[in-house]
Every structure is written in C-alpha cells, then in structure tokens.
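A short worksheet on the structure shown next.
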Amino acid sequence: MRSARSRPGSSPTSPCSKTTPTRSTPRPSRTSASGAPSSADGTSLQAPADVSEPLVAVTVVGGYLGAGKTTLLNHLLALADERIAVLVNDFGSLDIDAQLLDQGDGATITLPNGCICCSLVDGLATALDDLAELDPRPERVVIEASGVADPAGIAAYCHRRPYRLDLVVVLADVEAIAVQVVDDYVGETVRGQLAAADLVILNKADLGDTAAAAAVVETHAPGVPTVRAIEASIDPRVLIDLEPRAKAAAHLHDGGVPFETWSWSGGRCDEERVRQMAVELPPGAVRAKGIIATGNEAIAFQRVGARSQFTRLKRTVDQSQIVVIGVPGTLDDNWLTDRLG
C-alpha cells in the first residue's frame, strides 16, 4: 500500500484561487436535500444504495445577486474538456459566440468543446428530463440558481435518476456578505444559501477582508470549507474534477495558492476505516473521492466539505484508491497510510 502527493505548481493545472481552511466544530445534524438524514459529520446514515447504471453528477451553483455565479460558469465552460451541460436562466450573460446563439433552438446551445447550455425557461424538471433523453448523456450537469433561490430546493431535484447530487457550491461577495446576512430584506435568503453549501467561494477576495468574510460563513454554515477567489477563478478540480486546458490556464490569476493532492492505493480495505478517515479529515481538505475494494463488492466514496457519500457498485475491483484535494500542508505524507494501512 502506498501514498503520494502532488502540487500543481506552475503547471497548466495551477489554480488561480487563494484558499482559507475554516477551523470549526462539526456541522450540526441536518436533513439532506433528498430528505435523507445526515450525521453531525455529514456521513449518510442510510445504507448505501445499489446502482445499476452510471449516474450523472450534478453541481448546483448558488449565491446572492452579484456574487459571481455567471463568471464562475464562464470559467468552467472555458476549461472543460468533458461533456458538461450548464443550466442557466439567461444565455445572454454567458460568453457564447453570437453565431452559436443564432444557431440554437432557443432552449439548447451546443458549444464547440461538446458542452451544452440549456435554458431553464421551461423549468428545472423539464430541463433535466430533456437532458436525460440525450444520447450520449452529459457527463456532468451544472445548475445556476437564481440570485434569490434556495440551492437546497434545487438540489432536491438532483436525486432523481439518472442524476446524483455531487456538490452545492455557494459564492459569497467578500465586500457584501457581512451586511447581507443581517439585512432585514435579504438576510434570510443569504443565510439559507450559506446553510445549504458544501463549499463556499469567497469571491472578490482582492476587494475586502476575507478573514472577516470567512468568519461570517463559519457562523451561518459551521464546518463548511471556504475558498478565496478573484473574479470567481478557481481550480476546477475542486468543483467538477476537471483538468484545465493549457490554453485556458493563461487566463487564470497569478499569485494564487495552489491546491495539493494526496493519494493512497492498496488492496482490500475495510469500509469502516474509510468512514473514520473521512470523519478525521481536517477542514483544509476540500474534496476527497475514491473506490474501496472490500472483496465482495466495490464502494464509491466521495466527500465534499462536511458531506460524505458511500455508494455500493454492482461490480468488484482488486485495488482501493483514495484521492484528497486541499490546501497545501493540510495532510502529511503518511496521513492516509496511517489510517488506511
């Protein structure tokens, strides 16, 4: 069994964001968007479900008006090498060539890199149903919530086959978040958005006090990791496990703190050891995923923020593999090996 780590450094995959780990107590017990109870550490209390077909991962992007949601989507579309479907309320705000807009059918636009942009004019359920009929289906769906929407409500739609909720990311304006959460008119909305998040992006980090903004997030979303960003530029691996293309990387901001990855591989591994490892991951570990070989079956593992998912797969594997992405220095070289063997 072995472990390894890597730093993006100055390679094309270097992220553009600065990251601040939030040191906090575990999040309180809550009910997930699907109605399934979760423990204080975010691990599902239900037995993992069997799956007979690959499920399409869904990322929900939320945040109040002006937080930078559309800017983030434009970055993802520019960096994507996989088939992503982006659901938005308005095509006009995306960086889409006018000729492509003219060629679209008014509800769907296919980009040269294979990504799909879909309008939510007919409703989220209809858009998801339409995407499910495509052949091939998208490899991932990213949904932009409106500035006044509750991301948890949108996430509830993402548990219907052939979809699975992967991540709820909420953008917060560093300059405005402290005022917004106590505002008589928008405070409840903004607080609800933060509470629904698995990850909060502290956007416009060059314009305000990110430490103060992180403290606001910690108050209303205890245990949720925060990532600093300028103009919503962030390492896409944190959101959708993509590698940015070299030609697009030049547009990312310099001077950001790169994320670091730690990996472990081995043979059969006890599921309970992985569950305990997930509980012990420090706040600086933004995302983790892997496959567990138990001997009788394979189990897919994912952890985003404080939420863990374990899904039994109808196949077996010989090797277990775990990868963690986080703030440099979060784990030492032997951290995974010490816990997994």
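As shown in the structure tokens, the chain order sets the letters A, B, ...; within each chain, residues go from 1, and ligands are also counted from 1 in the order they appear.
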
May I have a table of the residues of region 138-180 of chain A lying at most 8 Å from region 205-228 of chain A, giving each one's closest pair of atoms and their distance in Å to one decimal, counting only C-alpha atoms, ordered by chain and ascending residue number, as a tab-separated table?
```
residue	atom	partner	partner_atom	distance
A:Val174	CA	A:Gly208	CA	5.6
A:Glu175	CA	A:Gly208	CA	5.1
A:Ile177	CA	A:Ala213	CA	6.6
A:Ala178	CA	A:Val216	CA	6.3
```

**Request:** Output as a ChimeraX atom specification all residues of region 170-201 of chain A that backbone DSSP marks as strand (DSSP E).
**Result:** /A:170-173,199-201

Restricting the output to N, CA and C atoms, write the selected residues as a PDB file, in the first residue's frame.
```
ATOM      1  N   VAL A 170     -21.649  27.666  -3.105  1.00  0.00           N
ATOM      2  CA  VAL A 170     -22.270  28.983  -2.983  1.00  0.00           C
ATOM      3  C   VAL A 170     -21.185  30.045  -3.009  1.00  0.00           C
ATOM      4  N   LEU A 171     -21.379  31.062  -3.839  1.00  0.00           N
ATOM      5  CA  LEU A 171     -20.445  32.179  -3.897  1.00  0.00           C
ATOM      6  C   LEU A 171     -20.909  33.280  -2.963  1.00  0.00           C
ATOM      7  N   ALA A 172     -19.963  33.881  -2.260  1.00  0.00           N
ATOM      8  CA  ALA A 172     -20.252  34.991  -1.361  1.00  0.00           C
ATOM      9  C   ALA A 172     -19.361  36.166  -1.730  1.00  0.00           C
ATOM     10  N   ASP A 173     -19.952  37.337  -1.830  1.00  0.00           N
ATOM     11  CA  ASP A 173     -19.213  38.565  -2.112  1.00  0.00           C
ATOM     12  C   ASP A 173     -18.503  39.004  -0.831  1.00  0.00           C
ATOM     13  N   LEU A 199     -19.528  23.894  -0.082  1.00  0.00           N
ATOM     14  CA  LEU A 199     -18.315  24.683  -0.280  1.00  0.00           C
ATOM     15  C   LEU A 199     -18.730  26.119  -0.550  1.00  0.00           C
ATOM     16  N   VAL A 200     -18.070  27.075   0.090  1.00  0.00           N
ATOM     17  CA  VAL A 200     -18.346  28.494  -0.144  1.00  0.00           C
ATOM     18  C   VAL A 200     -17.121  29.134  -0.777  1.00  0.00           C
ATOM     19  N   ILE A 201     -17.331  29.809  -1.899  1.00  0.00           N
ATOM     20  CA  ILE A 201     -16.266  30.556  -2.564  1.00  0.00           C
ATOM     21  C   ILE A 201     -16.354  32.013  -2.117  1.00  0.00           C
TER      22      ILE A 201
END
```

**Message:** Counting only C-alpha atoms, which residue out of A:Ile234, A:Leu165, A:Arg268, A:Glu133 sits closest to Thr71 (chain A)?
**Reply:**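 The answer is A:Ile234, which sits nearest to Thr71 (chain A).
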
**Request:** Would you list the contacts of His75 (chain A) as an MDAnalysis selection string, taking every protein, DNA or RNA residue within 8 Å and counting only C-alpha atoms, but skipping same-chain residues closer than 4 positions in sequence?
**Result:** chainID A and resid 71 79 232:233

Near region 287-293 of chain A, counting only C-alpha atoms, which residues have an atom at most 7 Å away, once you skip same-chain residues fewer than 2 positions from it, shown as a compact mmCIF listing (two decimals) with N, CA and C atoms, in the first residue's frame?
```txt
# COMPACT_ATOMS: atom_id res chain seq x y z
N VAL A 238 -11.70 21.14 -7.90
CA VAL A 238 -12.45 21.21 -6.65
C VAL A 238 -13.94 21.10 -6.91
N GLY A 267 -4.82 -2.75 -1.54
CA GLY A 267 -5.71 -3.85 -1.89
C GLY A 267 -7.06 -3.69 -1.22
N ARG A 268 -7.53 -4.77 -0.61
CA ARG A 268 -8.81 -4.70 0.09
C ARG A 268 -8.71 -3.76 1.29
N CYS A 269 -9.81 -3.06 1.54
CA CYS A 269 -9.83 -2.08 2.63
C CYS A 269 -11.18 -2.14 3.33
N ALA A 285 -9.01 20.01 3.89
CA ALA A 285 -9.28 19.01 2.85
C ALA A 285 -10.62 19.34 2.22
N GLY A 295 -13.58 -6.82 -1.23
CA GLY A 295 -13.50 -8.24 -1.50
C GLY A 295 -14.76 -8.75 -2.15
N GLU A 297 -17.41 -6.59 -2.96
CA GLU A 297 -18.02 -5.54 -3.77
C GLU A 297 -17.08 -4.34 -3.82
N ALA A 298 -17.46 -3.38 -4.66
CA ALA A 298 -16.74 -2.11 -4.73
C ALA A 298 -17.65 -1.01 -4.19
N ILE A 299 -17.07 -0.08 -3.46
CA ILE A 299 -17.84 1.03 -2.89
C ILE A 299 -17.21 2.33 -3.35
N ALA A 300 -18.02 3.20 -3.95
CA ALA A 300 -17.56 4.52 -4.34
C ALA A 300 -17.69 5.46 -3.15
N PHE A 301 -16.64 6.23 -2.91
CA PHE A 301 -16.60 7.16 -1.77
C PHE A 301 -16.37 8.57 -2.28
N GLN A 302 -17.15 9.52 -1.76
CA GLN A 302 -16.94 10.93 -2.07
C GLN A 302 -17.18 11.76 -0.81
N ARG A 303 -16.36 12.76 -0.61
CA ARG A 303 -16.58 13.71 0.48
C ARG A 303 -16.33 15.11 -0.05
N VAL A 304 -17.32 15.98 0.14
CA VAL A 304 -17.21 17.38 -0.25
C VAL A 304 -17.60 18.20 0.97
N GLY A 305 -16.67 19.02 1.43
CA GLY A 305 -16.96 19.79 2.63
C GLY A 305 -17.19 18.85 3.80
N THR A 316 -16.93 -5.55 -8.87
CA THR A 316 -15.84 -5.69 -7.92
C THR A 316 -14.57 -5.09 -8.50
N VAL A 317 -13.66 -4.69 -7.63
CA VAL A 317 -12.35 -4.19 -8.04
C VAL A 317 -11.31 -4.83 -7.15
N ASP A 318 -10.09 -4.90 -7.64
CA ASP A 318 -9.00 -5.52 -6.89
C ASP A 318 -8.23 -4.52 -6.03
N GLN A 319 -8.26 -3.24 -6.43
CA GLN A 319 -7.47 -2.22 -5.75
C GLN A 319 -8.37 -1.13 -5.18
N SER A 320 -7.99 -0.64 -4.00
CA SER A 320 -8.65 0.53 -3.41
C SER A 320 -7.81 1.76 -3.71
N GLN A 321 -8.48 2.88 -3.98
CA GLN A 321 -7.78 4.13 -4.27
C GLN A 321 -8.52 5.29 -3.63
N ILE A 322 -7.79 6.19 -2.99
CA ILE A 322 -8.36 7.39 -2.38
C ILE A 322 -7.52 8.59 -2.80
N VAL A 323 -8.18 9.69 -3.18
CA VAL A 323 -7.50 10.93 -3.53
C VAL A 323 -8.14 12.06 -2.72
N VAL A 324 -7.30 12.93 -2.16
CA VAL A 324 -7.76 14.09 -1.39
C VAL A 324 -7.18 15.34 -2.03
N ILE A 325 -8.01 16.37 -2.20
CA ILE A 325 -7.57 17.67 -2.72
C ILE A 325 -7.79 18.70 -1.62
N GLY A 326 -6.77 19.52 -1.36
CA GLY A 326 -6.94 20.51 -0.30
C GLY A 326 -5.84 21.54 -0.26
```

**Prompt:** What gap, in Å, lies between CA of Pro54 (chain A) and CA of Ala125 (chain A)?
**Reply:**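 CA of Ala125 (chain A) lies 19.7 Å from CA of Pro54 (chain A).
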
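Atom pair CA of Trp262 (chain A) / CA of Leu313 (chain A): separated by 23.9 Å.
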
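The space separating CA of Ala78 (chain A) from CA of Pro138 (chain A) comes to 16.4 Å.
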
**Prompt:** Taking into account only C-alpha atoms, which residue in the set A:Val148, A:Pro162, A:Leu87, A:Ala197 is nearest to Cys118 (chain A)?
**Reply:**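 Among A:Val148, A:Pro162, A:Leu87, A:Ala197, it is A:Leu87 that comes nearest to Cys118 (chain A).
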